[in-house]
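**Q** Quick one, my_file_22.txt (compact mmCIF, C-alpha atoms):
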```txt
# COMPACT_ATOMS: atom_id res chain seq x y z
CA MET A 1 128.51 33.26 123.69
CA ASN A 2 127.45 34.94 120.53
CA THR A 3 130.44 34.94 118.26
CA THR A 4 129.75 36.49 114.94
CA TYR A 5 132.50 36.96 112.47
CA THR A 6 132.04 40.50 111.49
CA ALA A 7 135.66 40.74 110.46
CA GLU A 8 134.87 40.11 106.80
CA ALA A 9 132.44 42.93 106.35
CA MET A 10 134.22 45.09 108.85
CA GLY A 11 137.72 46.40 109.03
CA VAL A 12 139.60 45.23 112.07
CA LEU A 13 142.21 47.58 113.46
CA VAL A 14 144.64 46.45 116.15
CA PHE A 15 146.95 48.52 118.29
CA ARG A 16 149.51 47.95 120.99
CA THR A 17 148.63 50.12 123.99
CA ASN A 18 149.28 50.56 127.68
CA ILE A 19 145.62 50.35 128.66
CA ARG A 20 146.28 48.08 131.57
CA PHE A 21 143.83 48.57 134.38
CA LYS A 22 140.09 48.84 134.85
CA LYS A 23 140.49 52.52 135.58
CA ASP A 24 142.30 52.92 132.26
CA LEU A 25 139.39 51.26 130.54
CA ALA A 26 136.99 53.59 132.28
CA MET A 27 138.95 56.51 130.86
CA ILE A 28 139.09 55.30 127.30
CA ALA A 29 135.58 53.87 127.13
CA PRO A 30 133.69 57.17 126.76
CA VAL A 31 136.06 58.27 124.01
CA LEU A 32 135.59 55.16 121.92
CA ASP A 33 131.92 54.67 122.74
CA LYS A 34 130.95 58.02 121.38
CA GLN A 35 133.27 57.93 118.38
CA PRO A 36 131.15 57.51 115.25
CA GLY A 37 132.37 54.66 113.09
CA VAL A 38 133.44 52.44 115.98
CA GLN A 39 131.22 49.38 115.71
CA ARG A 40 132.81 47.35 118.48
CA TRP A 41 135.94 47.67 120.51
CA ASN A 42 137.73 45.82 123.28
CA VAL A 43 141.09 45.69 124.99
CA ASP A 44 142.77 42.35 125.60
CA ARG A 45 144.18 43.16 129.01
CA GLU A 46 145.44 39.61 129.42
CA ASP A 47 147.83 40.08 126.54
CA THR A 48 151.27 41.59 127.00
CA ASP A 49 150.59 44.11 124.25
CA LYS A 50 147.26 45.17 125.82
CA VAL A 51 145.83 45.03 122.35
CA LEU A 52 143.07 47.45 121.49
CA ARG A 53 140.88 45.92 118.82
CA ILE A 54 138.44 48.03 116.89
CA GLU A 55 135.89 47.00 114.31
CA SER A 56 135.04 49.82 112.01
CA ARG A 57 134.01 50.37 108.43
CA THR A 58 135.24 53.91 108.25
CA LEU A 59 137.99 54.68 110.74
CA ARG A 60 141.60 54.92 109.71
CA PRO A 61 144.40 53.79 112.06
CA GLU A 62 145.76 57.32 112.37
CA GLU A 63 142.44 58.57 113.67
CA VAL A 64 142.40 55.92 116.38
CA ILE A 65 145.99 56.66 117.39
CA HIS A 66 145.10 60.32 117.63
CA LEU A 67 142.06 59.64 119.80
CA VAL A 68 143.78 57.23 122.16
CA THR A 69 146.96 59.23 122.63
CA ARG A 70 144.92 62.36 123.26
CA ALA A 71 143.24 60.45 126.10
CA GLY A 72 146.70 59.88 127.57
CA PHE A 73 147.68 56.40 126.44
CA ASP A 74 150.31 54.91 124.20
CA CYS A 75 148.92 53.60 120.97
CA GLU A 76 150.76 52.07 118.09
CA GLU A 77 149.38 50.05 115.23
CA LEU A 78 150.35 46.38 115.23
CA PRO A 79 151.99 45.43 111.99
CA GLU A 80 150.20 42.89 109.83
CA MET B 81 138.76 43.89 103.49
CA ARG B 82 140.25 40.71 104.77
CA ILE B 83 138.86 37.35 103.85
CA ARG B 84 138.27 34.73 106.49
CA ASP B 85 140.82 32.00 105.92
CA GLU B 86 139.57 28.64 107.23
CA LYS B 87 142.93 27.00 106.81
CA LYS B 88 144.60 29.63 108.88
CA ILE B 89 141.97 29.30 111.60
CA CYS B 90 142.42 25.53 111.72
CA GLN B 91 146.15 25.92 112.00
CA LEU B 92 145.78 28.45 114.80
CA HIS B 93 143.46 26.11 116.70
CA GLN B 94 145.89 23.24 116.26
CA LYS B 95 148.85 25.26 117.49
CA ALA B 96 146.88 26.63 120.42
CA ILE B 97 145.93 23.11 121.47
CA GLU B 98 149.55 21.94 121.28
CA MET B 99 150.79 24.89 123.31
CA ILE B 100 148.14 24.66 126.00
CA VAL B 101 148.67 20.92 126.41
CA ARG B 102 152.42 21.38 126.65
CA GLU B 103 152.69 24.54 128.73
CA GLY B 104 149.31 25.01 130.36
CA LEU B 105 146.84 27.85 130.18
CA ASP B 106 148.66 30.31 132.38
CA GLY B 107 151.55 31.03 130.09
CA PHE B 108 149.45 30.99 126.97
CA GLY B 109 149.08 34.25 125.08
CA ILE B 110 148.36 35.64 121.64
CA ASN B 111 151.93 36.76 121.22
CA LYS B 112 153.35 33.35 121.93
CA LEU B 113 150.82 31.72 119.67
CA ALA B 114 151.63 34.13 116.88
CA LYS B 115 155.31 33.24 117.12
CA ALA B 116 154.64 29.52 117.18
CA ALA B 117 152.22 29.68 114.27
CA GLY B 118 154.39 32.01 112.23
CA VAL B 119 151.76 34.73 111.87
CA SER B 120 151.53 38.23 113.26
CA PRO B 121 149.48 38.95 116.38
CA ALA B 122 147.48 41.38 114.25
CA THR B 123 146.36 38.49 112.06
CA ILE B 124 145.13 36.56 115.08
CA TYR B 125 143.12 39.54 116.30
CA ILE B 126 141.30 39.60 112.97
CA TYR B 127 139.65 36.35 113.95
CA TYR B 128 139.44 36.60 117.70
CA LYS B 129 138.37 39.33 120.01
CA ASP B 130 140.94 38.49 122.64
CA ARG B 131 142.83 35.70 124.34
CA GLU B 132 139.74 34.40 126.07
CA ASP B 133 137.71 34.39 122.87
CA LEU B 134 140.41 32.35 121.16
CA ILE B 135 140.55 29.78 123.94
CA ILE B 136 136.78 29.46 124.09
CA GLN B 137 136.41 29.06 120.34
CA THR B 138 139.18 26.48 120.27
CA THR B 139 137.53 24.51 123.04
CA ARG B 140 134.13 24.62 121.37
CA ARG B 141 135.58 23.33 118.14
CA VAL B 142 137.33 20.43 119.86
CA ALA B 143 134.25 19.55 121.88
CA ASP B 144 131.94 19.76 118.87
CA VAL B 145 134.04 17.26 116.95
CA MET B 146 134.22 14.99 119.99
CA LEU B 147 130.44 14.97 120.46
CA GLU B 148 129.74 14.59 116.78
CA GLU B 149 132.01 11.57 116.51
CA SER B 150 130.58 10.04 119.63
CA LEU B 151 127.08 10.26 118.15
CA ARG B 152 128.00 8.95 114.70
CA ASP B 153 125.62 6.14 113.60
CA PHE B 154 124.22 6.11 117.10
CA ASP B 155 120.47 5.96 117.57
CA PRO B 156 118.85 6.47 120.98
CA ALA B 157 116.36 3.76 120.03
CA MET B 158 119.12 1.15 120.02
CA SER B 159 119.06 -1.59 122.63
CA LEU B 160 121.21 -1.00 125.69
CA GLU B 161 123.85 -3.42 124.48
CA GLU B 162 123.95 -2.25 120.90
CA GLY B 163 123.91 1.43 121.86
CA LEU B 164 126.62 1.13 124.48
CA ARG B 165 128.82 -0.83 122.10
CA LYS B 166 128.42 1.87 119.45
CA GLN B 167 129.27 4.55 122.01
CA TRP B 168 132.32 2.67 123.21
CA HIS B 169 133.61 2.16 119.69
CA ASN B 170 132.99 5.74 118.66
CA ARG B 171 134.65 7.14 121.75
CA ALA B 172 137.60 4.79 121.65
CA ALA B 173 138.17 5.60 117.98
CA HIS B 174 138.05 9.31 118.62
CA PHE B 175 140.33 9.12 121.66
CA MET B 176 142.93 7.06 119.83
CA LYS B 177 142.88 9.31 116.81
CA ASN B 178 143.03 12.61 118.71
CA PRO B 179 144.98 12.11 121.93
CA LEU B 180 146.06 15.74 121.95
CA ASP B 181 142.46 16.99 121.74
CA VAL B 182 141.52 14.74 124.62
CA GLU B 183 144.37 16.01 126.75
CA PHE B 184 143.40 19.55 125.87
CA MET B 185 139.77 19.03 126.97
CA GLU B 186 141.01 17.47 130.20
CA LYS B 187 143.02 20.64 130.87
CA MET B 188 140.11 22.89 129.97
CA ARG B 189 137.72 21.02 132.19
CA TYR B 190 139.51 22.35 135.24
CA SER B 191 139.76 25.89 133.98
CA HIS B 192 137.44 28.73 134.93
CA LEU B 193 136.71 29.22 131.23
CA TYR B 194 135.06 25.84 130.93
CA ASP B 195 131.70 27.04 132.23
CA LYS B 196 131.51 29.53 129.42
CA VAL B 197 131.93 26.72 126.94
CA ALA B 198 129.87 24.03 128.58
CA VAL B 199 126.55 25.83 128.58
CA HIS B 200 126.44 25.78 124.80
CA LEU B 201 127.88 22.39 124.24
CA TYR B 202 125.98 19.57 125.65
CA THR B 203 122.39 20.35 124.86
CA SER B 204 121.88 18.04 121.88
CA PHE B 205 124.23 15.47 123.30
CA LYS B 206 122.40 15.40 126.62
CA ASP B 207 119.13 15.12 124.78
CA VAL B 208 120.20 12.07 122.75
CA MET B 209 121.89 10.33 125.66
CA GLY B 210 118.93 11.05 127.91
CA LYS B 211 116.59 9.43 125.39
CA PHE B 212 118.83 6.40 125.12
CA TYR B 213 118.85 5.99 128.88
CA HIS B 214 115.09 6.41 129.24
CA ASN B 215 114.35 4.02 126.38
CA ALA B 216 116.50 1.36 127.97
CA VAL B 217 114.78 1.85 131.32
CA ALA B 218 111.33 1.76 129.68
CA ARG B 219 112.20 -1.53 127.94
CA LYS B 220 113.29 -2.86 131.32
CA GLU B 221 116.80 -3.53 130.04
CA LEU B 222 118.45 -1.10 132.40
CA THR B 223 118.25 -0.73 136.15
CA PRO B 224 117.00 2.80 136.86
CA LEU B 225 119.91 4.72 138.36
CA PRO B 226 120.85 8.28 139.06
CA ILE B 227 122.27 9.46 135.74
CA GLU B 228 125.74 10.04 137.24
CA ILE B 229 125.92 6.46 138.46
CA PHE B 230 124.81 5.14 135.10
CA TRP B 231 127.39 7.30 133.41
CA ALA B 232 130.21 6.25 135.72
CA VAL B 233 129.54 2.54 135.37
CA ALA B 234 128.85 2.74 131.65
CA TYR B 235 131.91 4.72 130.59
CA ALA B 236 134.58 4.92 133.27
CA PRO B 237 135.92 1.41 132.55
CA LEU B 238 136.37 2.31 128.90
CA TYR B 239 138.17 5.53 129.74
CA GLN B 240 140.52 3.74 132.10
CA LEU B 241 141.40 1.20 129.41
CA ILE B 242 142.04 3.99 126.93
CA LYS B 243 144.30 5.63 129.48
CA PHE B 244 146.27 2.43 129.91
CA HIS B 245 146.50 2.15 126.17
CA THR B 246 147.69 5.67 125.49
CA GLN B 247 150.15 5.53 128.37
CA GLU B 248 151.33 2.42 126.61
CA LYS B 249 151.69 0.47 129.77
CA ALA B 250 149.37 -0.54 132.53
CA PHE B 251 151.29 -1.95 135.45
CA GLY B 252 155.01 -2.10 135.59
CA HIS B 253 156.61 -2.09 132.20
CA GLN B 254 154.27 -4.30 130.35
CA LYS B 255 152.83 -2.66 127.31
CA PHE B 256 149.07 -2.62 127.12
CA THR B 257 147.18 -2.51 123.85
CA LEU B 258 143.44 -2.10 123.85
CA THR B 259 142.09 -4.60 121.37
CA GLU B 260 138.59 -5.22 120.10
CA GLU B 261 138.40 -8.42 122.18
CA LEU B 262 139.48 -6.76 125.41
CA MET B 263 137.01 -3.99 124.87
CA GLU B 264 134.19 -6.46 124.25
CA GLN B 265 135.15 -8.47 127.33
CA THR B 266 134.96 -5.35 129.47
CA LEU B 267 131.73 -4.23 127.85
CA GLN B 268 130.11 -7.54 128.76
CA LEU B 269 131.04 -6.98 132.41
CA VAL B 270 129.58 -3.50 132.32
CA LEU B 271 126.37 -4.78 130.73
CA LYS B 272 126.11 -7.43 133.37
CA ALA B 273 126.26 -4.73 136.02
CA LEU B 274 123.72 -2.45 134.34
CA LYS B 275 121.16 -4.88 133.03
CA ILE B 276 118.12 -5.77 135.03
```
What's the structure tokens form of this structure?

**A**
Amino acid sequence: MNTTYTAEAMGVLVFRTNIRFKKDLAMIAPVLDKQPGVQRWNVDREDTDKVLRIESRTLRPEEVIHLVTRAGFDCEELPE
Amino acid sequence: MRIRDEKKICQLHQKAIEMIVREGLDGFGINKLAKAAGVSPATIYIYYKDREDLIIQTTRRVADVMLEESLRDFDPAMSLEEGLRKQWHNRAAHFMKNPLDVEFMEKMRYSHLYDKVAVHLYTSFKDVMGKFYHNAVARKELTPLPIEIFWAVAYAPLYQLIKFHTQEKAFGHQKFTLTEELMEQTLQLVLKALKI
């Protein structure tokens, strides 16, 4: 596994979502993949909060919430 | 920008180990860990991609320490007797000092995640131990054996004694304490079996 800690140089944004199934992932993937500013993203589907984690230097949480909800999912920033 | 906090990471690893040993892998989650460690889930996701990433990184850390301590002051050029004694002492010391880590690795070994960890772990360790074995065979100290057989005879007795020790009793209610003398006595039996 190639674990690099990009978190220092990169902002990490985390959101509670209802992205639960593979088919949900397939729906959200194109949106996030083509969004400029998203360096890496993943959804922890094993977690109860189905956490969407995004590494980005430029994106603001509101922009992500807008994108994800427009694709039809719940999305709420996890408090620090 | 958030700064990587080593102390926080260590504490998260420690808590994760405790929880997984106590409750198993199935019920383990970022949320639970966050509660137990007194941090927010968001903080944990700064450092780890997801649940699996956290478990894998924790396992690698535990295993790295284990292997490092087992190789401390060990030289593959040592004689069979000297080298085995060093290994036994190093391992026993580590096991006694970190019983929770050992229990954790035991749990991980039977998990589907273990393969993802193992591939990266044992390369240098295997290399050193392989050299030790081949040196001993070349010096005609050691009966050539399939490596698994060598391993089983060389280390299983030690691990069983450690188990008795940490369970604090062997048979019945008698308390068992692994002493230097008992370890040496057992080591001599093992050497007798392995030596040409």

**Q** Sorted by chain and rising residue number, list the residues of chain B at most 9 Å from chain A (counting only C-alpha atoms), each with its closest atom pair and distance in Å to one decimal, as CSV.

**A**
```
residue,atom,partner,partner_atom,distance
B:Met81,CA,A:Gly11,CA,6.2
B:Arg82,CA,A:Glu8,CA,5.8
B:Ile83,CA,A:Glu8,CA,5.7
B:Arg84,CA,A:Glu8,CA,6.4
B:Gly109,CA,A:Asp47,CA,6.1
B:Ile110,CA,A:Asp47,CA,6.6
B:Asn111,CA,A:Asp47,CA,7.5
B:Val119,CA,A:Glu80,CA,8.6
B:Ser120,CA,A:Glu80,CA,5.9
B:Pro121,CA,A:Leu78,CA,7.6
B:Ala122,CA,A:Glu80,CA,5.4
B:Thr123,CA,A:Glu80,CA,6.3
B:Tyr125,CA,A:Val14,CA,7.1
B:Ile126,CA,A:Val12,CA,5.9
B:Tyr127,CA,A:Ala7,CA,6.9
B:Tyr128,CA,A:Tyr5,CA,8.7
B:Lys129,CA,A:Arg53,CA,7.2
B:Asp130,CA,A:Asp44,CA,5.2
B:Arg131,CA,A:Asp44,CA,6.8
B:Glu132,CA,A:Glu46,CA,8.4
B:Asp133,CA,A:Thr3,CA,8.6
B:Gln137,CA,A:Thr3,CA,8.6
B:Lys196,CA,A:Met1,CA,7.5
B:Val197,CA,A:Met1,CA,8.1
B:His200,CA,A:Met1,CA,7.8
```

**Q** Residues within 12 Å of Pro30 in chain A, please, as a list in words. Count only C-alpha atoms; anything in the same chain fewer than 6 positions from it doesn't count.

**A**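 Using only C-alpha atoms, the neighbours found are Asp24, Pro36, Val38, Trp41, Leu67, Val68 and Ala71 of chain A.
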
**Q** Could you write those residues out with C-alpha atoms, as a PDB file, keeping the file's coordinate frame?

**A**
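Wrote it out as out20.pdb, contents follow:
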```
ATOM      1  CA  ASP A  24     142.300  52.920 132.260  1.00  0.00           C
ATOM      2  CA  PRO A  36     131.150  57.510 115.250  1.00  0.00           C
ATOM      3  CA  VAL A  38     133.440  52.440 115.980  1.00  0.00           C
ATOM      4  CA  TRP A  41     135.940  47.670 120.510  1.00  0.00           C
ATOM      5  CA  LEU A  67     142.060  59.640 119.800  1.00  0.00           C
ATOM      6  CA  VAL A  68     143.780  57.230 122.160  1.00  0.00           C
ATOM      7  CA  ALA A  71     143.240  60.450 126.100  1.00  0.00           C
TER       8      ALA A  71
END
```

**Q** Enter the distance from CA of Val208 in chain B to CA of Ala173 in chain B, in Å, rounded to one decimal.

**A**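 Distance between the two atoms: 19.7 Å.
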
**Q** Might you pull out every residue within 8 Å of Trp168 in chain B, with all atoms listed in the file counted and same-chain residues fewer than 4 positions away left off, and present them as a count of residues only?

**A** 4

**Q** Using CA of Leu134 in chain B and CA of Asp33 in chain A as the two end points, give the distance in Å to one decimal.

**A**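 Here the two named atoms are 23.9 Å from each other.
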
**Q** Find the residues around Arg219 in chain B up to 12 Å (only C-alpha atoms counted), leave out those fewer than 6 positions away in its own chain, and share them as a ChimeraX atom specification.

**A** /B:157-160,212-213,275-276

**Q** Which residues are near Val142 in chain B? Cut-off 12 Å, only C-alpha atoms, ignore same chain within fewer than 3 positions. Put them as a PyMOL selection string.

**A** chain B and resi 90+93-94+96-97+135-139+145-149+174-175+178-186+188+197+201

**Q** CA of Val64 in chain A and CA of Lys34 in chain A, how far apart in Å?

**A** 12.7 Å

**Q** Which residues are close to Arg70 in chain A, i.e. within 12 Å by all atoms listed in the file, leaving aside same-chain residues fewer than 4 positions away? Reply as JSON, numbers by chain.

**A** {"A": [27, 28, 31, 32, 63, 64, 65, 66, 74, 75]}

**Q** Is it possible to get the axis-aligned box enclosing range 17-34 of chain A (all listed atoms, 3 Å extra per side) as JSON, with centre and edge lengths in Å rounded to one decimal?

**A**
```
{"center_x": 140.1, "center_y": 53.2, "center_z": 128.5, "size_x": 24.3, "size_y": 16.2, "size_z": 20.2}
```

**Q** Which of these residues is nearest to Ile89 in chain B, using all atoms listed in the file: B:Ala218, B:Leu225, B:Ile124, B:Ala114?

**A**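 Looking only at the distances to Ile89 in chain B, the closest residue turns out to be B:Ile124.
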
**Q** Hey, could you patch up range 149-169 of chain B with N, CA, C and O atoms and hand it over as a short mmCIF file (atom, residue, chain, number, x, y, z; two decimals), in the frame of the given file?

**A**
```
data_model
loop_
_atom_site.label_atom_id
_atom_site.label_comp_id
_atom_site.auth_asym_id
_atom_site.auth_seq_id
_atom_site.Cartn_x
_atom_site.Cartn_y
_atom_site.Cartn_z
N GLU B 149 131.48 12.90 116.78
CA GLU B 149 132.01 11.57 116.51
C GLU B 149 131.43 10.54 117.47
O GLU B 149 131.24 9.39 117.11
N SER B 150 131.15 10.98 118.68
CA SER B 150 130.58 10.04 119.63
C SER B 150 129.15 9.65 119.26
O SER B 150 128.68 8.56 119.57
N LEU B 151 128.47 10.54 118.53
CA LEU B 151 127.08 10.26 118.15
C LEU B 151 126.94 9.65 116.75
O LEU B 151 125.83 9.35 116.30
N ARG B 152 128.06 9.46 116.08
CA ARG B 152 128.00 8.95 114.70
C ARG B 152 127.35 7.56 114.66
O ARG B 152 127.72 6.66 115.40
N ASP B 153 126.35 7.42 113.79
CA ASP B 153 125.62 6.14 113.60
C ASP B 153 124.99 5.64 114.89
O ASP B 153 124.67 4.46 115.01
N PHE B 154 124.84 6.50 115.84
CA PHE B 154 124.22 6.11 117.10
C PHE B 154 122.75 6.53 117.06
O PHE B 154 122.41 7.61 116.59
N ASP B 155 121.90 5.65 117.54
CA ASP B 155 120.47 5.96 117.57
C ASP B 155 119.96 5.69 118.99
O ASP B 155 120.18 4.60 119.52
N PRO B 156 119.31 6.67 119.59
CA PRO B 156 118.85 6.47 120.98
C PRO B 156 117.83 5.34 121.11
O PRO B 156 117.53 4.90 122.22
N ALA B 157 117.31 4.86 119.97
CA ALA B 157 116.36 3.76 120.03
C ALA B 157 117.06 2.40 120.10
O ALA B 157 116.42 1.36 120.27
N MET B 158 118.38 2.41 119.96
CA MET B 158 119.12 1.15 120.02
C MET B 158 118.94 0.46 121.37
O MET B 158 118.68 1.12 122.37
N SER B 159 119.11 -0.86 121.36
CA SER B 159 119.06 -1.59 122.63
C SER B 159 120.24 -1.14 123.49
O SER B 159 121.22 -0.57 122.98
N LEU B 160 120.14 -1.42 124.78
CA LEU B 160 121.21 -1.00 125.69
C LEU B 160 122.57 -1.53 125.21
O LEU B 160 123.54 -0.79 125.13
N GLU B 161 122.58 -2.81 124.86
CA GLU B 161 123.85 -3.42 124.48
C GLU B 161 124.39 -2.82 123.17
O GLU B 161 125.55 -2.43 123.09
N GLU B 162 123.52 -2.75 122.21
CA GLU B 162 123.95 -2.25 120.90
C GLU B 162 124.40 -0.78 121.00
O GLU B 162 125.43 -0.39 120.46
N GLY B 163 123.62 0.00 121.72
CA GLY B 163 123.91 1.43 121.86
C GLY B 163 125.21 1.67 122.62
O GLY B 163 126.03 2.49 122.21
N LEU B 164 125.39 0.95 123.71
CA LEU B 164 126.62 1.13 124.48
C LEU B 164 127.83 0.72 123.65
O LEU B 164 128.86 1.38 123.68
N ARG B 165 127.68 -0.37 122.91
CA ARG B 165 128.82 -0.83 122.10
C ARG B 165 129.19 0.23 121.07
O ARG B 165 130.36 0.55 120.87
N LYS B 166 128.17 0.82 120.45
CA LYS B 166 128.42 1.87 119.45
C LYS B 166 129.13 3.05 120.11
O LYS B 166 130.12 3.56 119.61
N GLN B 167 128.64 3.46 121.29
CA GLN B 167 129.27 4.55 122.01
C GLN B 167 130.73 4.24 122.35
O GLN B 167 131.60 5.08 122.19
N TRP B 168 130.95 3.06 122.84
CA TRP B 168 132.32 2.67 123.21
C TRP B 168 133.23 2.73 121.99
O TRP B 168 134.32 3.28 122.05
N HIS B 169 132.77 2.17 120.89
CA HIS B 169 133.61 2.16 119.69
C HIS B 169 133.87 3.56 119.18
O HIS B 169 135.01 3.90 118.86
#
```
